[in-house]
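Asker: Here it is: the structure, laid out below.
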Amino acid sequence: MIDFSLDDSGASGTLLLSGALTIQQALPLKETLLRAVGEVNQLKINLEHVEGMDLTALQLLCAAHRDWIKNGKKVTREGAIPEIVHRIVRESGFSGCVGDDDDIGLWTGASN
C-alpha cells in the first residue's frame, strides 16, 4: 500500500509504505513520490510495514530522495526499518542513496 497524506497546513506530509513494493507498484509509487516532492517542503517516510521490496522500488525511492535533497526539501524517516529493506539494500549494493549526505539513514537505518 502507498499512502501519502498532507498535514493541515499542506506544508508537510507523510508517506506510509506497506506491503510488497515491487515492479507492479512502480507507477503508483512514482506518481506518489512526484506528488510528494511537488506538494510539500517536509516529508516523513515510514517504511516500517514494508514486507517486500525489489530493485525497482529501491531505485525510485533513491531517486526521489536525491531530488528532495537537491531541491532543499527536508526528508525524515519515521519508524523502524524492516530487515527485508536492509536485506534488499545490502544485496543490491546501495549504502547511502545520496552518499555522505544521507543523514536520515533512509537505507542504513541511521538515526534521523
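Chains: A, B, ... in order of the C-alpha cells. Residues: from 1 per chain. Ligands: from 1, in order shown.
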Name the residues in contact with A:Glu78 at a cut-off of 8 Å, using only C-alpha atoms, excluding same-chain residues fewer than 2 positions from it; report them as an mmCIF file with N, CA and C atoms, in the first residue's frame.
Answerer:
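Now in out.cif:
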```
data_model
loop_
_atom_site.group_PDB
_atom_site.id
_atom_site.type_symbol
_atom_site.label_atom_id
_atom_site.label_comp_id
_atom_site.auth_asym_id
_atom_site.auth_seq_id
_atom_site.Cartn_x
_atom_site.Cartn_y
_atom_site.Cartn_z
ATOM 1 N N LYS A 44 7.886 13.046 5.790
ATOM 2 C CA LYS A 44 8.246 11.920 6.653
ATOM 3 C C LYS A 44 7.966 10.651 5.859
ATOM 4 N N ILE A 45 8.938 9.748 5.835
ATOM 5 C CA ILE A 45 8.771 8.471 5.144
ATOM 6 C C ILE A 45 8.750 7.364 6.192
ATOM 7 N N ASN A 46 7.720 6.524 6.119
ATOM 8 C CA ASN A 46 7.605 5.400 7.035
ATOM 9 C C ASN A 46 7.646 4.111 6.220
ATOM 10 N N LEU A 47 8.689 3.308 6.457
ATOM 11 C CA LEU A 47 8.880 2.024 5.778
ATOM 12 C C LEU A 47 8.602 0.846 6.703
ATOM 13 N N GLU A 48 8.132 1.130 7.896
ATOM 14 C CA GLU A 48 8.022 0.135 8.961
ATOM 15 C C GLU A 48 7.207 -1.101 8.577
ATOM 16 N N THR A 76 12.615 13.164 6.499
ATOM 17 C CA THR A 76 12.955 12.410 7.694
ATOM 18 C C THR A 76 12.330 11.030 7.602
ATOM 19 N N ALA A 80 10.716 2.112 12.380
ATOM 20 C CA ALA A 80 11.849 1.200 12.205
ATOM 21 C C ALA A 80 11.979 0.775 10.742
#
```
Asker: Can you tell me, as a PyMOL selection string, which residues in chain A count as alpha helix (DSSP H) by DSSP?
Answerer: chain A and resi 26-39+55-70+83-92
Asker: Okay, now the selection with N, CA and C atoms, as a compact mmCIF listing (two decimals), in the first residue's frame?
Answerer:
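Final file, out.txt:
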```txt
# COMPACT_ATOMS: atom_id res chain seq x y z
N ALA A 26 5.24 0.08 -9.31
CA ALA A 26 6.19 1.12 -9.72
C ALA A 26 5.49 2.41 -10.16
N LEU A 27 4.48 2.30 -10.99
CA LEU A 27 3.82 3.52 -11.48
C LEU A 27 3.12 4.28 -10.36
N PRO A 28 2.29 3.62 -9.52
CA PRO A 28 1.68 4.39 -8.43
C PRO A 28 2.72 4.94 -7.45
N LEU A 29 3.81 4.20 -7.21
CA LEU A 29 4.85 4.71 -6.31
C LEU A 29 5.51 5.94 -6.92
N LYS A 30 5.85 5.87 -8.20
CA LYS A 30 6.47 7.01 -8.88
C LYS A 30 5.54 8.23 -8.84
N GLU A 31 4.28 8.03 -9.16
CA GLU A 31 3.32 9.14 -9.16
C GLU A 31 3.18 9.75 -7.76
N THR A 32 3.16 8.91 -6.74
CA THR A 32 3.04 9.41 -5.37
C THR A 32 4.30 10.17 -4.96
N LEU A 33 5.46 9.66 -5.32
CA LEU A 33 6.71 10.35 -5.00
C LEU A 33 6.79 11.70 -5.70
N LEU A 34 6.38 11.76 -6.95
CA LEU A 34 6.37 13.04 -7.68
C LEU A 34 5.39 14.02 -7.04
N ARG A 35 4.24 13.52 -6.64
CA ARG A 35 3.26 14.38 -5.96
C ARG A 35 3.84 14.92 -4.66
N ALA A 36 4.48 14.05 -3.89
CA ALA A 36 5.04 14.45 -2.60
C ALA A 36 6.11 15.53 -2.76
N VAL A 37 7.01 15.34 -3.70
CA VAL A 37 8.08 16.33 -3.88
C VAL A 37 7.52 17.65 -4.41
N GLY A 38 6.43 17.58 -5.15
CA GLY A 38 5.83 18.80 -5.68
C GLY A 38 4.97 19.56 -4.70
N GLU A 39 4.44 18.86 -3.68
CA GLU A 39 3.46 19.49 -2.80
C GLU A 39 3.97 19.91 -1.43
N LEU A 55 14.26 -4.13 -6.61
CA LEU A 55 15.20 -3.10 -7.03
C LEU A 55 14.48 -1.89 -7.64
N THR A 56 13.38 -2.12 -8.32
CA THR A 56 12.62 -1.01 -8.93
C THR A 56 12.17 -0.02 -7.87
N ALA A 57 11.57 -0.51 -6.80
CA ALA A 57 11.10 0.37 -5.72
C ALA A 57 12.27 1.07 -5.05
N LEU A 58 13.34 0.34 -4.84
CA LEU A 58 14.53 0.92 -4.21
C LEU A 58 15.08 2.06 -5.06
N GLN A 59 15.17 1.86 -6.36
CA GLN A 59 15.67 2.90 -7.25
C GLN A 59 14.76 4.12 -7.28
N LEU A 60 13.45 3.90 -7.28
CA LEU A 60 12.51 5.02 -7.27
C LEU A 60 12.64 5.84 -5.99
N LEU A 61 12.72 5.16 -4.86
CA LEU A 61 12.88 5.87 -3.59
C LEU A 61 14.20 6.62 -3.53
N CYS A 62 15.25 6.00 -4.01
CA CYS A 62 16.56 6.64 -4.00
C CYS A 62 16.58 7.88 -4.90
N ALA A 63 16.02 7.77 -6.08
CA ALA A 63 15.98 8.92 -6.99
C ALA A 63 15.16 10.06 -6.40
N ALA A 64 14.03 9.73 -5.79
CA ALA A 64 13.20 10.76 -5.15
C ALA A 64 13.94 11.40 -3.99
N HIS A 65 14.61 10.59 -3.19
CA HIS A 65 15.36 11.10 -2.05
C HIS A 65 16.43 12.08 -2.51
N ARG A 66 17.18 11.73 -3.54
CA ARG A 66 18.20 12.64 -4.09
C ARG A 66 17.56 13.93 -4.58
N ASP A 67 16.41 13.83 -5.24
CA ASP A 67 15.72 15.01 -5.76
C ASP A 67 15.27 15.92 -4.63
N TRP A 68 14.73 15.35 -3.55
CA TRP A 68 14.30 16.17 -2.41
C TRP A 68 15.49 16.92 -1.82
N ILE A 69 16.61 16.21 -1.62
CA ILE A 69 17.80 16.84 -1.04
C ILE A 69 18.30 17.95 -1.97
N LYS A 70 18.36 17.67 -3.26
CA LYS A 70 18.84 18.64 -4.25
C LYS A 70 17.98 19.90 -4.25
N GLU A 83 13.84 -5.67 8.39
CA GLU A 83 15.01 -6.44 7.93
C GLU A 83 14.94 -6.68 6.42
N ILE A 84 13.76 -6.85 5.85
CA ILE A 84 13.65 -7.08 4.41
C ILE A 84 14.19 -5.89 3.62
N VAL A 85 14.00 -4.68 4.13
CA VAL A 85 14.54 -3.49 3.46
C VAL A 85 16.05 -3.48 3.60
N HIS A 86 16.56 -3.76 4.81
CA HIS A 86 18.01 -3.86 4.99
C HIS A 86 18.61 -4.88 4.02
N ARG A 87 17.94 -6.01 3.87
CA ARG A 87 18.46 -7.07 3.02
C ARG A 87 18.53 -6.65 1.55
N ILE A 88 17.45 -6.05 1.02
CA ILE A 88 17.47 -5.66 -0.39
C ILE A 88 18.50 -4.55 -0.64
N VAL A 89 18.67 -3.67 0.33
CA VAL A 89 19.69 -2.62 0.21
C VAL A 89 21.08 -3.26 0.16
N ARG A 90 21.34 -4.18 1.07
CA ARG A 90 22.63 -4.88 1.12
C ARG A 90 22.88 -5.65 -0.17
N GLU A 91 21.90 -6.44 -0.59
CA GLU A 91 22.07 -7.29 -1.77
C GLU A 91 22.20 -6.51 -3.07
N SER A 92 21.63 -5.32 -3.11
CA SER A 92 21.69 -4.53 -4.33
C SER A 92 22.92 -3.62 -4.38
```
Asker: Can you work out the spacing between atom CA of A:Val75 and atom CA of A:Ile23 in Å, to one decimal?
Answerer: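 Result for atom CA of A:Val75 versus atom CA of A:Ile23: 23.8 Å, one decimal.
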Asker: Would you mind listing what lies within 8 Å of A:Phe4 as an NGL selection string, with only C-alpha atoms counted and same-chain residues fewer than 2 positions away left out?
Answerer: :A and (2 or 6 or 13-16 or 32 or 36)
Asker: Tell me which of A:Leu43, A:Gly72, A:His49, A:Gly93 sits closest to A:Ser18, counting only C-alpha atoms.
Answerer: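 Among the listed residues, A:His49 lies closest to A:Ser18.
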Asker: Give the answer as one residue: which of A:Val50, A:Ser12, A:Met1, A:Gly19 has the shortest atom-to-atom distance to A:Pro82, using only C-alpha atoms?
Answerer: A:Val50
Asker: Enter the distance from atom CA of A:Lys74 to atom CA of A:Leu17, in Å, rounded to one decimal.
Answerer: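 Separation between atom CA of A:Lys74 and atom CA of A:Leu17: 18.2 Å.
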Asker: I'd like the interatomic distance between atom CA of A:Arg77 and atom CA of A:Gln25, to a tenth of an Å.
Answerer: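 Taking atom CA of A:Arg77 and atom CA of A:Gln25, their separation equals 20.9 Å.
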Asker: Give the strand (DSSP E) residues of chain A, as DSSP finds them on the backbone, and put them as a PyMOL selection string.
Answerer: chain A and resi 2-6+12-21+42-53+74-78
Asker: Write the residues you've just listed into a file as a JSON list (two decimals), in the first residue's frame, and include C-alpha atoms for each of them.
Answerer:
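Contents of the output file part.json:
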```json
[["chain", "number", "residue", "atom", "x", "y", "z"],
["A", 2, "ILE", "CA", 1.16, 3.51, -0.79],
["A", 3, "ASP", "CA", -0.44, 6.24, 1.27],
["A", 4, "PHE", "CA", 0.52, 9.91, 1.10],
["A", 5, "SER", "CA", -1.16, 12.39, 3.39],
["A", 6, "LEU", "CA", -0.73, 16.10, 3.97],
["A", 12, "SER", "CA", 4.44, 18.79, 5.24],
["A", 13, "GLY", "CA", 3.33, 15.27, 4.57],
["A", 14, "THR", "CA", 3.78, 11.64, 5.47],
["A", 15, "LEU", "CA", 4.46, 8.83, 3.04],
["A", 16, "LEU", "CA", 3.43, 5.49, 4.54],
["A", 17, "LEU", "CA", 4.60, 2.46, 2.58],
["A", 18, "SER", "CA", 3.48, -1.06, 3.43],
["A", 19, "GLY", "CA", 3.17, -4.49, 1.91],
["A", 20, "ALA", "CA", 5.24, -5.54, -1.08],
["A", 21, "LEU", "CA", 6.81, -2.73, -3.10],
["A", 42, "GLN", "CA", 8.93, 18.49, 4.60],
["A", 43, "LEU", "CA", 8.26, 14.79, 4.17],
["A", 44, "LYS", "CA", 8.25, 11.92, 6.65],
["A", 45, "ILE", "CA", 8.77, 8.47, 5.14],
["A", 46, "ASN", "CA", 7.60, 5.40, 7.03],
["A", 47, "LEU", "CA", 8.88, 2.02, 5.78],
["A", 48, "GLU", "CA", 8.02, 0.13, 8.96],
["A", 49, "HIS", "CA", 5.34, -2.08, 7.39],
["A", 50, "VAL", "CA", 7.12, -2.92, 4.14],
["A", 51, "GLU", "CA", 7.01, -6.69, 3.68],
["A", 52, "GLY", "CA", 8.94, -6.90, 0.42],
["A", 53, "MET", "CA", 10.81, -4.64, -1.96],
["A", 74, "LYS", "CA", 13.55, 18.18, 4.38],
["A", 75, "VAL", "CA", 13.11, 14.42, 4.49],
["A", 76, "THR", "CA", 12.96, 12.41, 7.69],
["A", 77, "ARG", "CA", 12.37, 8.76, 8.40],
["A", 78, "GLU", "CA", 9.69, 7.63, 10.78]]
```
